[in-house]
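Input: a single structure, listed below in structure tokens.
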Amino acid sequence: MKPFLAFVLALFLAEASSAAEPRTVLFFGDSLTAGYGLEDASTQAFPSLIQQKITDAGLPYHVINAGLSGETTAGGLRRIDWILRMPVEVFVLELGGNDGLRGLPVEASVKNLQGIIDKVRAKNPSVKVVVAGMKMPSNMGAYATEFASMYPALVRDNNAVLIPFLLEGVGGHSPLNQPDGIHPTAEGHKRIAETIWKTLGPLLNR
């Protein structure tokens, strides 16, 4: 089942159930979160690998993969209200990469990402927000620097938690990426899950 279709099913199940547990960790992102190009994204994409870590740790959380391939920050802002029909206790924001690859103005991306965070917090003021940082190739010059700096700024302004670079140890490493050089392989997703868990694990254990 494709990640977004699985999310839709989870949404309806959540609305049909009055059970308070387990709490929800929502990954809201683009093709990286969706597991684009994997043989079985439902088991190989990093959100499912995080679910396994949560299960192994005995923590009362359920992971929802709300990744959508091709998503921009503007698209995410349009989509978020529908996503928030289910309760969310931990919100992991993984967007911006497609904006950067298209060279869209950083100030517009910041505005969209802030809008998403504002909507999430309006729905649940106590939600824990995690922002996954992204980087552009250095040959994009000053744009790459400005782009990378928007994530720490968002975290600082919103009392959120930062994953400095989602693709740490994966981006630019051919064996861990599909032929397009952009989307990680299954092994790449394992590395990403380890990177995320360094930040997310302690947060869930609080």
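Chain lettering (A, B, ...) mirrors the order of the structure tokens, residue numbering begins at 1 for each chain separately, and ligand numbering begins at 1 in order of display.
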
How close does each residue of segment 116-186 of chain A get to segment 57-79 of chain A, giving the shortest atom pair and distance in Å to one decimal for every residue with an atom at most 10 Å away, counting only C-alpha atoms, sorted by chain and residue number, as CSV?
residue,atom,partner,partner_atom,distance
A:Ile116,CA,A:Leu77,CA,5.4
A:Ile117,CA,A:Leu77,CA,9.2
A:Lys119,CA,A:Leu77,CA,8.7

Residues from last step as file, N, CA and C atoms, as a PDB file, in the first residue's frame:
ATOM      1  N   ILE A 116       2.516  26.152   8.279  1.00  0.00           N
ATOM      2  CA  ILE A 116       2.226  24.762   8.655  1.00  0.00           C
ATOM      3  C   ILE A 116       2.367  24.583  10.158  1.00  0.00           C
ATOM      4  N   ILE A 117       3.469  25.058  10.715  1.00  0.00           N
ATOM      5  CA  ILE A 117       3.694  24.932  12.157  1.00  0.00           C
ATOM      6  C   ILE A 117       2.593  25.646  12.937  1.00  0.00           C
ATOM      7  N   LYS A 119      -0.509  26.140  12.091  1.00  0.00           N
ATOM      8  CA  LYS A 119      -1.741  25.347  12.031  1.00  0.00           C
ATOM      9  C   LYS A 119      -1.660  24.122  12.940  1.00  0.00           C
TER      10      LYS A 119
END

* To do: Find the spatial neighbours of Gln178 of chain A, counting only C-alpha atoms, within a cut-off of 12 Å - ignore same-chain residues fewer than 5 positions away - and output them as a list of chain:residue names.
  =>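 So the residues in contact are A:Leu32, A:Gly35, A:Tyr36, A:Gly37, A:Leu38, A:Glu39, A:Val170, A:Gly171, A:Gly172, A:His173, A:His183, A:Pro184, A:Thr185, A:Ala186, A:Glu187, A:Gly188, A:His189.
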
Resulting file, chosen residues, N, CA and C atoms, as a PDB file, in the first residue's frame:
ATOM      1  N   LEU A  32      10.841  11.891   0.002  1.00  0.00           N
ATOM      2  CA  LEU A  32      11.774  11.241   0.925  1.00  0.00           C
ATOM      3  C   LEU A  32      11.006  10.498   2.006  1.00  0.00           C
ATOM      4  N   GLY A  35       9.017   7.502   0.619  1.00  0.00           N
ATOM      5  CA  GLY A  35       9.787   6.322   0.207  1.00  0.00           C
ATOM      6  C   GLY A  35       9.746   6.083  -1.282  1.00  0.00           C
ATOM      7  N   TYR A  36       9.798   7.172  -2.047  1.00  0.00           N
ATOM      8  CA  TYR A  36       9.739   7.077  -3.503  1.00  0.00           C
ATOM      9  C   TYR A  36      10.798   6.121  -4.054  1.00  0.00           C
ATOM     10  N   GLY A  37      10.372   5.245  -4.961  1.00  0.00           N
ATOM     11  CA  GLY A  37      11.287   4.357  -5.660  1.00  0.00           C
ATOM     12  C   GLY A  37      11.670   3.084  -4.935  1.00  0.00           C
ATOM     13  N   LEU A  38      11.226   2.930  -3.687  1.00  0.00           N
ATOM     14  CA  LEU A  38      11.546   1.711  -2.947  1.00  0.00           C
ATOM     15  C   LEU A  38      10.640   0.561  -3.392  1.00  0.00           C
ATOM     16  N   GLU A  39      11.141  -0.635  -3.247  1.00  0.00           N
ATOM     17  CA  GLU A  39      10.355  -1.809  -3.633  1.00  0.00           C
ATOM     18  C   GLU A  39       9.102  -1.922  -2.782  1.00  0.00           C
ATOM     19  N   VAL A 170      24.128  10.266   3.726  1.00  0.00           N
ATOM     20  CA  VAL A 170      23.403   9.661   2.600  1.00  0.00           C
ATOM     21  C   VAL A 170      23.500  10.541   1.353  1.00  0.00           C
ATOM     22  N   GLY A 171      23.217  11.832   1.503  1.00  0.00           N
ATOM     23  CA  GLY A 171      23.279  12.742   0.374  1.00  0.00           C
ATOM     24  C   GLY A 171      24.666  12.762  -0.254  1.00  0.00           C
ATOM     25  N   GLY A 172      24.721  12.549  -1.549  1.00  0.00           N
ATOM     26  CA  GLY A 172      25.991  12.553  -2.265  1.00  0.00           C
ATOM     27  C   GLY A 172      26.758  11.256  -2.228  1.00  0.00           C
ATOM     28  N   HIS A 173      26.238  10.253  -1.543  1.00  0.00           N
ATOM     29  CA  HIS A 173      26.891   8.939  -1.459  1.00  0.00           C
ATOM     30  C   HIS A 173      26.159   7.982  -2.405  1.00  0.00           C
ATOM     31  N   HIS A 183      16.953  10.229  -4.497  1.00  0.00           N
ATOM     32  CA  HIS A 183      16.136   9.431  -3.580  1.00  0.00           C
ATOM     33  C   HIS A 183      16.934   8.253  -3.017  1.00  0.00           C
ATOM     34  N   PRO A 184      16.930   8.086  -1.705  1.00  0.00           N
ATOM     35  CA  PRO A 184      17.723   7.029  -1.074  1.00  0.00           C
ATOM     36  C   PRO A 184      17.218   5.629  -1.397  1.00  0.00           C
ATOM     37  N   THR A 185      18.142   4.699  -1.373  1.00  0.00           N
ATOM     38  CA  THR A 185      17.808   3.279  -1.459  1.00  0.00           C
ATOM     39  C   THR A 185      17.286   2.809  -0.107  1.00  0.00           C
ATOM     40  N   ALA A 186      16.945   1.534  -0.023  1.00  0.00           N
ATOM     41  CA  ALA A 186      16.507   0.971   1.256  1.00  0.00           C
ATOM     42  C   ALA A 186      17.604   1.112   2.308  1.00  0.00           C
ATOM     43  N   GLU A 187      18.858   0.906   1.898  1.00  0.00           N
ATOM     44  CA  GLU A 187      19.970   1.070   2.843  1.00  0.00           C
ATOM     45  C   GLU A 187      20.101   2.527   3.254  1.00  0.00           C
ATOM     46  N   GLY A 188      19.864   3.433   2.300  1.00  0.00           N
ATOM     47  CA  GLY A 188      19.894   4.851   2.621  1.00  0.00           C
ATOM     48  C   GLY A 188      18.838   5.218   3.643  1.00  0.00           C
ATOM     49  N   HIS A 189      17.661   4.634   3.515  1.00  0.00           N
ATOM     50  CA  HIS A 189      16.588   4.904   4.477  1.00  0.00           C
ATOM     51  C   HIS A 189      16.946   4.389   5.865  1.00  0.00           C
TER      52      HIS A 189
END

* **Counting only C-alpha atoms, the residue of A:Val155, A:Leu49, A:Ala144, A:Ile192 that sits nearest Leu176 of chain A** =>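 Between A:Val155, A:Leu49, A:Ala144, A:Ile192, the residue approaching Leu176 of chain A most closely is A:Ile192.
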
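Straight-line separation from atom CA of Ser31 of chain A to atom CA of Pro137 of chain A: 18.1 Å.
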
* Which of segment 3-206 of chain A counts as alpha helix (DSSP H) under DSSP, as an MDAnalysis selection string please? -> chainID A and resid 3:16 31:34 41:44 46:57 73:83 97:101 106:123 142:158 186:204

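The smallest atom-to-atom distance between Val106 of chain A and any of A:Ile182, A:Met150, A:Leu166, A:Val130, using only C-alpha atoms, is found for A:Met150.
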
* To do: Quick one: pull the distance between atom CA of Phe27 of chain A and atom CA of Thr195 of chain A, Å, one decimal.
  =>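 So the two atoms, atom CA of Phe27 of chain A and atom CA of Thr195 of chain A, lie 14.5 Å apart.
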
* Using the chain letters and numbers from this document, which residues of segment 35-87 of chain A does DSSP assign to strand (DSSP E or B), as a ChimeraX atom specification? -> /A:61-67

Output the selection as a short mmCIF file (atom, residue, chain, number, x, y, z; two decimals), in the first residue's frame - N, CA and C atoms for each residue.
data_model
loop_
_atom_site.label_atom_id
_atom_site.label_comp_id
_atom_site.auth_asym_id
_atom_site.auth_seq_id
_atom_site.Cartn_x
_atom_site.Cartn_y
_atom_site.Cartn_z
N TYR A 61 3.69 4.91 21.02
CA TYR A 61 3.49 5.79 19.88
C TYR A 61 3.24 4.97 18.62
N HIS A 62 2.41 5.56 17.75
CA HIS A 62 2.14 4.96 16.45
C HIS A 62 2.53 5.95 15.37
N VAL A 63 3.33 5.50 14.40
CA VAL A 63 3.83 6.37 13.34
C VAL A 63 2.87 6.39 12.16
N ILE A 64 2.59 7.59 11.65
CA ILE A 64 1.81 7.77 10.44
C ILE A 64 2.71 8.41 9.39
N ASN A 65 2.75 7.83 8.21
CA ASN A 65 3.52 8.37 7.10
C ASN A 65 2.59 9.19 6.21
N ALA A 66 2.73 10.52 6.29
CA ALA A 66 1.95 11.42 5.46
C ALA A 66 2.84 12.08 4.42
N GLY A 67 3.75 11.29 3.86
CA GLY A 67 4.60 11.79 2.79
C GLY A 67 3.89 11.77 1.46
#

* Rank A:Ile196, A:Val120, A:Leu203, A:Leu162 by their smallest atom-to-atom distance to Leu84 of chain A, using only C-alpha atoms, and report the top residue only. =>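 Between A:Ile196, A:Val120, A:Leu203, A:Leu162, the residue approaching Leu84 of chain A most closely is A:Val120.
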
Write out as a PDB file with N, CA and C atoms, in the first residue's frame the residues lying within 12 Å of Leu204 of chain A, counting only C-alpha atoms and excluding same-chain residues fewer than 2 positions away.
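Saved file result-v8.pdb follows:
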ATOM      1  N   ARG A  23      -0.226   7.216  21.164  1.00  0.00           N
ATOM      2  CA  ARG A  23      -0.116   8.575  20.652  1.00  0.00           C
ATOM      3  C   ARG A  23       0.502   8.544  19.251  1.00  0.00           C
ATOM      4  N   THR A  24       0.267   9.617  18.512  1.00  0.00           N
ATOM      5  CA  THR A  24       0.652   9.634  17.108  1.00  0.00           C
ATOM      6  C   THR A  24       1.903  10.454  16.843  1.00  0.00           C
ATOM      7  N   VAL A  25       2.826   9.862  16.096  1.00  0.00           N
ATOM      8  CA  VAL A  25       3.961  10.572  15.523  1.00  0.00           C
ATOM      9  C   VAL A  25       3.667  10.693  14.032  1.00  0.00           C
ATOM     10  N   ILE A  50      11.314   3.824  11.803  1.00  0.00           N
ATOM     11  CA  ILE A  50      11.160   4.488  13.097  1.00  0.00           C
ATOM     12  C   ILE A  50      10.088   3.786  13.927  1.00  0.00           C
ATOM     13  N   GLN A  51       9.005   3.357  13.280  1.00  0.00           N
ATOM     14  CA  GLN A  51       7.975   2.605  14.003  1.00  0.00           C
ATOM     15  C   GLN A  51       8.558   1.354  14.641  1.00  0.00           C
ATOM     16  N   LYS A  53      11.618   0.912  15.636  1.00  0.00           N
ATOM     17  CA  LYS A  53      12.430   1.337  16.778  1.00  0.00           C
ATOM     18  C   LYS A  53      11.544   1.676  17.972  1.00  0.00           C
ATOM     19  N   ILE A  54      10.426   2.329  17.701  1.00  0.00           N
ATOM     20  CA  ILE A  54       9.486   2.666  18.766  1.00  0.00           C
ATOM     21  C   ILE A  54       8.919   1.396  19.401  1.00  0.00           C
ATOM     22  N   THR A  55       8.545   0.445  18.552  1.00  0.00           N
ATOM     23  CA  THR A  55       8.011  -0.823  19.050  1.00  0.00           C
ATOM     24  C   THR A  55       9.042  -1.562  19.882  1.00  0.00           C
ATOM     25  N   ALA A  57      11.432  -0.328  21.523  1.00  0.00           N
ATOM     26  CA  ALA A  57      11.681   0.397  22.766  1.00  0.00           C
ATOM     27  C   ALA A  57      10.489   0.355  23.719  1.00  0.00           C
ATOM     28  N   GLY A  58       9.370  -0.200  23.245  1.00  0.00           N
ATOM     29  CA  GLY A  58       8.183  -0.300  24.087  1.00  0.00           C
ATOM     30  C   GLY A  58       7.519   1.037  24.374  1.00  0.00           C
ATOM     31  N   LEU A  59       7.635   1.970  23.444  1.00  0.00           N
ATOM     32  CA  LEU A  59       7.060   3.299  23.638  1.00  0.00           C
ATOM     33  C   LEU A  59       5.638   3.355  23.066  1.00  0.00           C
ATOM     34  N   PRO A  60       4.752   4.131  23.694  1.00  0.00           N
ATOM     35  CA  PRO A  60       3.328   4.144  23.291  1.00  0.00           C
ATOM     36  C   PRO A  60       3.027   5.117  22.155  1.00  0.00           C
ATOM     37  N   TYR A  61       3.689   4.907  21.021  1.00  0.00           N
ATOM     38  CA  TYR A  61       3.487   5.788  19.879  1.00  0.00           C
ATOM     39  C   TYR A  61       3.235   4.969  18.621  1.00  0.00           C
ATOM     40  N   HIS A  62       2.415   5.560  17.749  1.00  0.00           N
ATOM     41  CA  HIS A  62       2.137   4.959  16.450  1.00  0.00           C
ATOM     42  C   HIS A  62       2.534   5.950  15.369  1.00  0.00           C
ATOM     43  N   VAL A  63       3.330   5.505  14.405  1.00  0.00           N
ATOM     44  CA  VAL A  63       3.826   6.369  13.344  1.00  0.00           C
ATOM     45  C   VAL A  63       2.865   6.390  12.157  1.00  0.00           C
ATOM     46  N   GLU A  89       0.497  14.107  18.361  1.00  0.00           N
ATOM     47  CA  GLU A  89       1.279  14.496  19.529  1.00  0.00           C
ATOM     48  C   GLU A  89       2.707  14.900  19.177  1.00  0.00           C
ATOM     49  N   VAL A  90       3.257  14.278  18.128  1.00  0.00           N
ATOM     50  CA  VAL A  90       4.608  14.608  17.661  1.00  0.00           C
ATOM     51  C   VAL A  90       4.528  14.814  16.154  1.00  0.00           C
ATOM     52  N   PHE A  91       4.957  15.983  15.697  1.00  0.00           N
ATOM     53  CA  PHE A  91       4.853  16.350  14.289  1.00  0.00           C
ATOM     54  C   PHE A  91       6.252  16.536  13.722  1.00  0.00           C
ATOM     55  N   VAL A 127       1.743  20.067  21.114  1.00  0.00           N
ATOM     56  CA  VAL A 127       2.413  19.182  20.168  1.00  0.00           C
ATOM     57  C   VAL A 127       3.920  19.430  20.181  1.00  0.00           C
ATOM     58  N   LYS A 128       4.679  18.359  20.032  1.00  0.00           N
ATOM     59  CA  LYS A 128       6.123  18.468  19.897  1.00  0.00           C
ATOM     60  C   LYS A 128       6.455  18.533  18.408  1.00  0.00           C
ATOM     61  N   VAL A 129       7.131  19.595  18.005  1.00  0.00           N
ATOM     62  CA  VAL A 129       7.450  19.806  16.592  1.00  0.00           C
ATOM     63  C   VAL A 129       8.921  19.523  16.346  1.00  0.00           C
ATOM     64  N   VAL A 130       9.172  18.667  15.365  1.00  0.00           N
ATOM     65  CA  VAL A 130      10.533  18.338  14.942  1.00  0.00           C
ATOM     66  C   VAL A 130      10.692  18.785  13.500  1.00  0.00           C
ATOM     67  N   ILE A 196      17.442  10.239  12.343  1.00  0.00           N
ATOM     68  CA  ILE A 196      16.227  10.745  12.974  1.00  0.00           C
ATOM     69  C   ILE A 196      16.120  10.277  14.417  1.00  0.00           C
ATOM     70  N   TRP A 197      16.452   9.035  14.642  1.00  0.00           N
ATOM     71  CA  TRP A 197      16.272   8.454  15.974  1.00  0.00           C
ATOM     72  C   TRP A 197      17.161   9.124  17.023  1.00  0.00           C
ATOM     73  N   LYS A 198      18.301   9.634  16.605  1.00  0.00           N
ATOM     74  CA  LYS A 198      19.179  10.344  17.552  1.00  0.00           C
ATOM     75  C   LYS A 198      18.466  11.539  18.162  1.00  0.00           C
ATOM     76  N   THR A 199      17.585  12.157  17.400  1.00  0.00           N
ATOM     77  CA  THR A 199      16.824  13.309  17.878  1.00  0.00           C
ATOM     78  C   THR A 199      15.473  12.898  18.431  1.00  0.00           C
ATOM     79  N   LEU A 200      14.782  12.027  17.715  1.00  0.00           N
ATOM     80  CA  LEU A 200      13.412  11.670  18.082  1.00  0.00           C
ATOM     81  C   LEU A 200      13.354  10.741  19.285  1.00  0.00           C
ATOM     82  N   GLY A 201      14.257   9.785  19.376  1.00  0.00           N
ATOM     83  CA  GLY A 201      14.238   8.834  20.494  1.00  0.00           C
ATOM     84  C   GLY A 201      14.207   9.504  21.851  1.00  0.00           C
ATOM     85  N   PRO A 202      15.163  10.382  22.149  1.00  0.00           N
ATOM     86  CA  PRO A 202      15.132  11.066  23.454  1.00  0.00           C
ATOM     87  C   PRO A 202      13.872  11.886  23.673  1.00  0.00           C
ATOM     88  N   ARG A 206      10.807  11.311  26.941  1.00  0.00           N
ATOM     89  CA  ARG A 206      10.597  12.292  27.991  1.00  0.00           C
ATOM     90  C   ARG A 206       9.292  12.057  28.725  1.00  0.00           C
TER      91      ARG A 206
END

* Asked: Could you work out how far atom CA of Pro22 of chain A lies from atom CA of Asp157 of chain A, giving the answer in Å with one decimal?
  -> 29.2 Å

* Nearest to Ile163 of chain A: which of A:Lys190, A:Arg121, A:Lys135, A:Arg85 is it, counting only C-alpha atoms? ->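 Among the listed residues, A:Lys135 lies closest to Ile163 of chain A.
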
* Have a look at A:Gly169, A:Pro164, A:Pro175, A:Pro152 and name the one nearest to Arg191 of chain A; count only C-alpha atoms. =>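 Among A:Gly169, A:Pro164, A:Pro175, A:Pro152, it is A:Gly169 that comes nearest to Arg191 of chain A.
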